[in-house]
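The file input-v1.pdb comes next; it holds PDB, C-alpha atoms and all ligand atoms.
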```pdb
ATOM      1  CA  MET D 212     -10.262   9.370  26.169  1.00  0.00           C
ATOM      2  CA  ALA D 213      -7.179   7.220  25.820  1.00  0.00           C
ATOM      3  CA  LYS D 214      -6.462   7.424  22.130  1.00  0.00           C
ATOM      4  CA  MET D 215      -4.133   4.751  20.826  1.00  0.00           C
ATOM      5  CA  TYR D 216      -2.375   4.187  17.541  1.00  0.00           C
ATOM      6  CA  LEU D 217      -1.905   0.558  16.594  1.00  0.00           C
ATOM      7  CA  THR D 218       0.175  -0.650  13.687  1.00  0.00           C
ATOM      8  CA  ARG D 219      -0.088  -3.900  11.797  1.00  0.00           C
ATOM      9  CA  ARG D 220       2.978  -4.803   9.725  1.00  0.00           C
ATOM     10  CA  GLU D 221       2.841  -7.075   6.691  1.00  0.00           C
ATOM     11  CA  VAL D 222       5.311  -7.925   3.959  1.00  0.00           C
ATOM     12  CA  PHE D 223       4.646  -8.833   0.377  1.00  0.00           C
ATOM     13  CA  SER D 224       6.634  -9.416  -2.787  1.00  0.00           C
ATOM     14  CA  ALA D 225       5.465  -7.956  -6.059  1.00  0.00           C
ATOM     15  CA  SER D 226       6.711  -6.639  -9.360  1.00  0.00           C
ATOM     16  CA  HIS D 227       5.872  -3.471 -11.188  1.00  0.00           C
ATOM     17  CA  ARG D 228       6.919  -1.243 -14.039  1.00  0.00           C
ATOM     18  CA  LEU D 229       6.771   2.523 -13.965  1.00  0.00           C
ATOM     19  CA  TRP D 230       5.527   3.730 -17.319  1.00  0.00           C
ATOM     20  CA  ASN D 231       3.216   6.528 -18.406  1.00  0.00           C
ATOM     21  CA  GLN D 232       1.393   5.689 -21.643  1.00  0.00           C
ATOM     22  CA  GLU D 233       0.981   9.357 -22.426  1.00  0.00           C
ATOM     23  CA  LEU D 234       4.724   9.968 -22.627  1.00  0.00           C
ATOM     24  CA  SER D 235       7.168   8.888 -25.314  1.00  0.00           C
ATOM     25  CA  ASP D 236       9.584   6.011 -24.736  1.00  0.00           C
ATOM     26  CA  GLU D 237      12.409   8.528 -24.366  1.00  0.00           C
ATOM     27  CA  GLN D 238      10.479  10.569 -21.814  1.00  0.00           C
ATOM     28  CA  ASN D 239       9.583   7.459 -19.841  1.00  0.00           C
ATOM     29  CA  PHE D 240      13.178   6.251 -19.637  1.00  0.00           C
ATOM     30  CA  GLU D 241      14.301   9.753 -18.754  1.00  0.00           C
ATOM     31  CA  LEU D 242      11.696   9.963 -15.972  1.00  0.00           C
ATOM     32  CA  TYR D 243      11.724   6.436 -14.564  1.00  0.00           C
ATOM     33  CA  ASP D 244      15.185   5.158 -15.595  1.00  0.00           C
ATOM     34  CA  LYS D 245      15.631   1.498 -14.518  1.00  0.00           C
ATOM     35  CA  CYS D 246      12.100   1.441 -13.117  1.00  0.00           C
ATOM     36  CA  ALA D 247      10.901   1.572 -16.730  1.00  0.00           C
ATOM     37  CA  ASN D 248      12.628  -1.685 -17.693  1.00  0.00           C
ATOM     38  CA  PRO D 249      10.274  -3.384 -20.145  1.00  0.00           C
ATOM     39  CA  ASN D 250       9.688  -6.559 -18.136  1.00  0.00           C
ATOM     40  CA  GLY D 251       9.358  -4.888 -14.758  1.00  0.00           C
ATOM     41  CA  HIS D 252      11.281  -5.493 -11.555  1.00  0.00           C
ATOM     42  CA  GLY D 253      10.459  -6.721  -8.068  1.00  0.00           C
ATOM     43  CA  HIS D 254      10.451  -5.469  -4.513  1.00  0.00           C
ATOM     44  CA  ASN D 255       9.969  -6.960  -1.089  1.00  0.00           C
ATOM     45  CA  PHE D 256       7.542  -4.370   0.185  1.00  0.00           C
ATOM     46  CA  ILE D 257       6.929  -3.710   3.871  1.00  0.00           C
ATOM     47  CA  LEU D 258       3.484  -2.348   4.647  1.00  0.00           C
ATOM     48  CA  GLU D 259       2.537  -0.679   7.933  1.00  0.00           C
ATOM     49  CA  ILE D 260      -1.116   0.082   8.558  1.00  0.00           C
ATOM     50  CA  THR D 261      -1.784   2.345  11.540  1.00  0.00           C
ATOM     51  CA  VAL D 262      -5.280   2.707  12.962  1.00  0.00           C
ATOM     52  CA  ALA D 263      -6.500   4.885  15.801  1.00  0.00           C
ATOM     53  CA  GLY D 264      -9.039   4.140  18.475  1.00  0.00           C
ATOM     54  CA  ASN D 265      -9.968   4.633  22.090  1.00  0.00           C
ATOM     55  CA  VAL D 266      -9.356   1.938  24.672  1.00  0.00           C
ATOM     56  CA  LYS D 267     -12.566   0.159  25.552  1.00  0.00           C
ATOM     57  CA  GLY D 268     -13.063  -0.711  29.193  1.00  0.00           C
ATOM     58  CA  GLU D 269     -14.482  -4.134  28.576  1.00  0.00           C
ATOM     59  CA  SER D 270     -11.655  -5.528  26.438  1.00  0.00           C
ATOM     60  CA  GLY D 271      -8.779  -3.196  27.244  1.00  0.00           C
ATOM     61  CA  PHE D 272      -8.215  -3.061  23.466  1.00  0.00           C
ATOM     62  CA  ALA D 273      -8.465  -0.004  21.270  1.00  0.00           C
ATOM     63  CA  VAL D 274      -8.571  -2.221  18.220  1.00  0.00           C
ATOM     64  CA  ASP D 275      -8.599  -5.990  17.959  1.00  0.00           C
ATOM     65  CA  PHE D 276      -5.328  -6.899  16.201  1.00  0.00           C
ATOM     66  CA  LYS D 277      -6.877 -10.185  15.075  1.00  0.00           C
ATOM     67  CA  LYS D 278      -9.529  -8.339  13.103  1.00  0.00           C
ATOM     68  CA  LEU D 279      -7.047  -5.823  11.729  1.00  0.00           C
ATOM     69  CA  LYS D 280      -4.744  -8.615  10.583  1.00  0.00           C
ATOM     70  CA  HIS D 281      -7.636 -10.419   8.902  1.00  0.00           C
ATOM     71  CA  LEU D 282      -8.738  -7.249   7.110  1.00  0.00           C
ATOM     72  CA  VAL D 283      -5.271  -6.377   5.816  1.00  0.00           C
ATOM     73  CA  ARG D 284      -4.533  -9.956   4.764  1.00  0.00           C
ATOM     74  CA  THR D 285      -7.785 -10.523   2.892  1.00  0.00           C
ATOM     75  CA  GLU D 286      -8.252  -7.105   1.303  1.00  0.00           C
ATOM     76  CA  ILE D 287      -4.634  -6.269   0.460  1.00  0.00           C
ATOM     77  CA  ILE D 288      -1.982  -8.934   0.921  1.00  0.00           C
ATOM     78  CA  GLU D 289      -3.796 -11.806  -0.797  1.00  0.00           C
ATOM     79  CA  LYS D 290      -4.407  -9.542  -3.778  1.00  0.00           C
ATOM     80  CA  VAL D 291      -0.888  -8.180  -4.235  1.00  0.00           C
ATOM     81  CA  ASP D 292       1.556 -10.808  -2.939  1.00  0.00           C
ATOM     82  CA  HIS D 293       3.508 -12.480  -5.747  1.00  0.00           C
ATOM     83  CA  LYS D 294       1.600 -10.430  -8.321  1.00  0.00           C
ATOM     84  CA  HIS D 295       2.524  -7.979 -11.067  1.00  0.00           C
ATOM     85  CA  LEU D 296       1.004  -4.718  -9.895  1.00  0.00           C
ATOM     86  CA  ASN D 297       0.528  -3.365 -13.439  1.00  0.00           C
ATOM     87  CA  TYR D 298      -1.622  -6.288 -14.556  1.00  0.00           C
ATOM     88  CA  ASP D 299      -2.912  -8.479 -11.757  1.00  0.00           C
ATOM     89  CA  VAL D 300      -4.606  -6.209  -9.241  1.00  0.00           C
ATOM     90  CA  ASP D 301      -8.097  -4.887  -9.964  1.00  0.00           C
ATOM     91  CA  PHE D 302      -7.864  -1.856  -7.706  1.00  0.00           C
ATOM     92  CA  LEU D 303      -4.592  -0.728  -9.322  1.00  0.00           C
ATOM     93  CA  LYS D 304      -5.800  -0.963 -12.915  1.00  0.00           C
ATOM     94  CA  GLY D 305      -5.145   2.229 -14.828  1.00  0.00           C
ATOM     95  CA  THR D 306      -2.696   3.656 -12.306  1.00  0.00           C
ATOM     96  CA  ILE D 307       1.068   3.936 -12.554  1.00  0.00           C
ATOM     97  CA  PRO D 308       2.103   1.737  -9.623  1.00  0.00           C
ATOM     98  CA  THR D 309       4.464   4.108  -7.870  1.00  0.00           C
ATOM     99  CA  ALA D 310       4.670   3.670  -4.098  1.00  0.00           C
ATOM    100  CA  GLU D 311       2.568   6.841  -3.802  1.00  0.00           C
ATOM    101  CA  ASN D 312      -0.219   5.496  -5.997  1.00  0.00           C
ATOM    102  CA  ILE D 313      -0.108   2.060  -4.390  1.00  0.00           C
ATOM    103  CA  VAL D 314      -0.451   3.470  -0.907  1.00  0.00           C
ATOM    104  CA  ARG D 315      -3.376   5.683  -1.904  1.00  0.00           C
ATOM    105  CA  ALA D 316      -5.145   2.744  -3.540  1.00  0.00           C
ATOM    106  CA  PHE D 317      -4.635   0.652  -0.378  1.00  0.00           C
ATOM    107  CA  TRP D 318      -6.136   3.481   1.656  1.00  0.00           C
ATOM    108  CA  HIS D 319      -9.287   3.579  -0.465  1.00  0.00           C
ATOM    109  CA  VAL D 320      -9.679  -0.206  -0.274  1.00  0.00           C
ATOM    110  CA  LEU D 321      -9.347  -0.308   3.509  1.00  0.00           C
ATOM    111  CA  GLU D 322     -11.442   2.787   4.103  1.00  0.00           C
ATOM    112  CA  SER D 323     -14.310   1.321   2.108  1.00  0.00           C
ATOM    113  CA  LYS D 324     -14.359  -1.859   4.216  1.00  0.00           C
ATOM    114  CA  ASN D 325     -15.994  -0.247   7.221  1.00  0.00           C
ATOM    115  CA  SER D 326     -13.622  -1.607   9.765  1.00  0.00           C
ATOM    116  CA  GLU D 327     -14.135  -0.805  13.434  1.00  0.00           C
ATOM    117  CA  ALA D 328     -10.796   0.955  13.310  1.00  0.00           C
ATOM    118  CA  LYS D 329     -10.222   4.439  11.974  1.00  0.00           C
ATOM    119  CA  LEU D 330      -7.368   4.536   9.479  1.00  0.00           C
ATOM    120  CA  TYR D 331      -4.626   6.876  10.587  1.00  0.00           C
ATOM    121  CA  SER D 332      -1.741   6.220   8.203  1.00  0.00           C
ATOM    122  CA  ILE D 333      -0.381   3.753   5.713  1.00  0.00           C
ATOM    123  CA  ARG D 334       3.353   3.436   5.180  1.00  0.00           C
ATOM    124  CA  LEU D 335       4.884   1.486   2.329  1.00  0.00           C
ATOM    125  CA  HIS D 336       8.598   0.724   2.338  1.00  0.00           C
ATOM    126  CA  GLU D 337       9.620   0.057  -1.232  1.00  0.00           C
ATOM    127  CA  THR D 338      13.309  -0.387  -0.504  1.00  0.00           C
ATOM    128  CA  GLU D 339      15.383  -0.294   2.660  1.00  0.00           C
ATOM    129  CA  ASN D 340      15.808   3.425   2.180  1.00  0.00           C
ATOM    130  CA  ASN D 341      12.589   4.638   0.550  1.00  0.00           C
ATOM    131  CA  MET D 342       9.248   4.786   2.329  1.00  0.00           C
ATOM    132  CA  VAL D 343       6.015   6.609   1.500  1.00  0.00           C
ATOM    133  CA  GLU D 344       3.430   7.533   4.127  1.00  0.00           C
ATOM    134  CA  TYR D 345      -0.159   8.567   3.436  1.00  0.00           C
ATOM    135  CA  ARG D 346      -2.671   9.911   5.932  1.00  0.00           C
ATOM    136  CA  GLY D 347      -5.656  10.464   3.660  1.00  0.00           C
ATOM    137  CA  GLU D 348      -6.712  13.615   1.882  1.00  0.00           C
ATOM    138  CA  GLU D 349      -6.038  16.870   3.673  1.00  0.00           C
TER     139      GLU D 349
HETATM  140 NI    NI X   1      10.255  -0.332  -8.271  1.00  0.00          NI
END
```
In structure tokens, how does this file's structure come out?
Amino acid sequence: MAKMYLTRREVFSASHRLWNQELSDEQNFELYDKCANPNGHGHNFILEITVAGNVKGESGFAVDFKKLKHLVRTEIIEKVDHKHLNYDVDFLKGTIPTAENIVRAFWHVLESKNSEAKLYSIRLHETENNMVEYRGEE
């Protein structure tokens, strides 16, 4: 079987604040530093969703990029773009919106949507130099 890995890239802008309610103010500022600023801060996030599939003889596609784009746009991008991740996004409620927690929440959203494509990895670039990749639970 010709197994292929296809990646859809999207960008979104969002704000967040890193803060753990169970810690003191001092502990939070010690842990998160500027990321704990009371009114939050923004990022231009780059999201890369990689799915895996076998090439089908009829179409020559492993995965239809049109469908993948639609899924990522409707389930993720429309819900997070220009939003405050601590307050505005249902599937992030109750989590500290670190890149790690965001990427895991995205995974669960996409996995539950029964797409034709099998999720392989999700990468979230938070800054030019920091990127988190998740490939599901081991
Ligand atoms: Ni940040």
Can you tell me how far CA of Ser224 (chain D) sits from CA of Glu339 (chain D), in Å to one decimal?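 One can read the CA of Ser224 (chain D) to CA of Glu339 (chain D) distance as 13.8 Å.
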Review point. Do you know which residues are within 8 Å of ligand NI 1 (chain X) using all atoms listed in the file? Can you write them as a PyMOL selection string?
Key: chain D and resi 226-229+246+251-254+309+337
- Task: Could you give me, as number ranges by chain, the residues that sit within 6 Å of (1.6, -3.9, 8.2) in the file's coordinates, counting all atoms listed in the file?
- Result: D: 219-221, 258-260
Would you kindly return, as a VMD selection string, each protein, DNA or RNA residue with an atom no farther than 12 Å from any atom of Leu282 (chain D), considering only C-alpha atoms and excluding same-chain residues fewer than 3 positions away?
-> chain D and resid 219 221 260 275 to 279 285 to 290 317 320 to 328
Restrict the selected residues to C-alpha atoms and save them as an mmCIF file, in the frame of the given file.
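What landed in result.cif:
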```
data_model
loop_
_atom_site.group_PDB
_atom_site.id
_atom_site.type_symbol
_atom_site.label_atom_id
_atom_site.label_comp_id
_atom_site.auth_asym_id
_atom_site.auth_seq_id
_atom_site.Cartn_x
_atom_site.Cartn_y
_atom_site.Cartn_z
ATOM 1 C CA ARG D 219 -0.088 -3.900 11.797
ATOM 2 C CA GLU D 221 2.841 -7.075 6.691
ATOM 3 C CA ILE D 260 -1.116 0.082 8.558
ATOM 4 C CA ASP D 275 -8.599 -5.990 17.959
ATOM 5 C CA PHE D 276 -5.328 -6.899 16.201
ATOM 6 C CA LYS D 277 -6.877 -10.185 15.075
ATOM 7 C CA LYS D 278 -9.529 -8.339 13.103
ATOM 8 C CA LEU D 279 -7.047 -5.823 11.729
ATOM 9 C CA THR D 285 -7.785 -10.523 2.892
ATOM 10 C CA GLU D 286 -8.252 -7.105 1.303
ATOM 11 C CA ILE D 287 -4.634 -6.269 0.460
ATOM 12 C CA ILE D 288 -1.982 -8.934 0.921
ATOM 13 C CA GLU D 289 -3.796 -11.806 -0.797
ATOM 14 C CA LYS D 290 -4.407 -9.542 -3.778
ATOM 15 C CA PHE D 317 -4.635 0.652 -0.378
ATOM 16 C CA VAL D 320 -9.679 -0.206 -0.274
ATOM 17 C CA LEU D 321 -9.347 -0.308 3.509
ATOM 18 C CA GLU D 322 -11.442 2.787 4.103
ATOM 19 C CA SER D 323 -14.310 1.321 2.108
ATOM 20 C CA LYS D 324 -14.359 -1.859 4.216
ATOM 21 C CA ASN D 325 -15.994 -0.247 7.221
ATOM 22 C CA SER D 326 -13.622 -1.607 9.765
ATOM 23 C CA GLU D 327 -14.135 -0.805 13.434
ATOM 24 C CA ALA D 328 -10.796 0.955 13.310
#
```
Taken to one decimal, the CA of Asn265 (chain D)-CA of Met212 (chain D) distance is 6.3 Å
Judged by only C-alpha atoms, the minimum distance to Thr261 (chain D) among D:Asp244, D:Asp292, D:Glu344, D:Glu349 is found for D:Glu344
Atom pair CA of Leu335 (chain D) + CA of Phe223 (chain D), distance 10.5 Å
Using all atoms listed in the file, the best pick from D:Leu330, D:Val314, D:Val262, D:Met342 as closest to Thr218 (chain D) would be D:Val262
Judged by only C-alpha atoms, the minimum distance to Lys304 (chain D) among D:Ala316, D:Leu217, D:Phe240, D:Leu234 is found for D:Ala316
Check your understanding: Which residue gives the smallest distance to Lys267 (chain D) among D:Lys245, D:Ala213, D:Asn255, D:Glu233, with all atoms listed in the file counted?
Key ->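 Smallest separation from Lys267 (chain D) among the options: D:Ala213.
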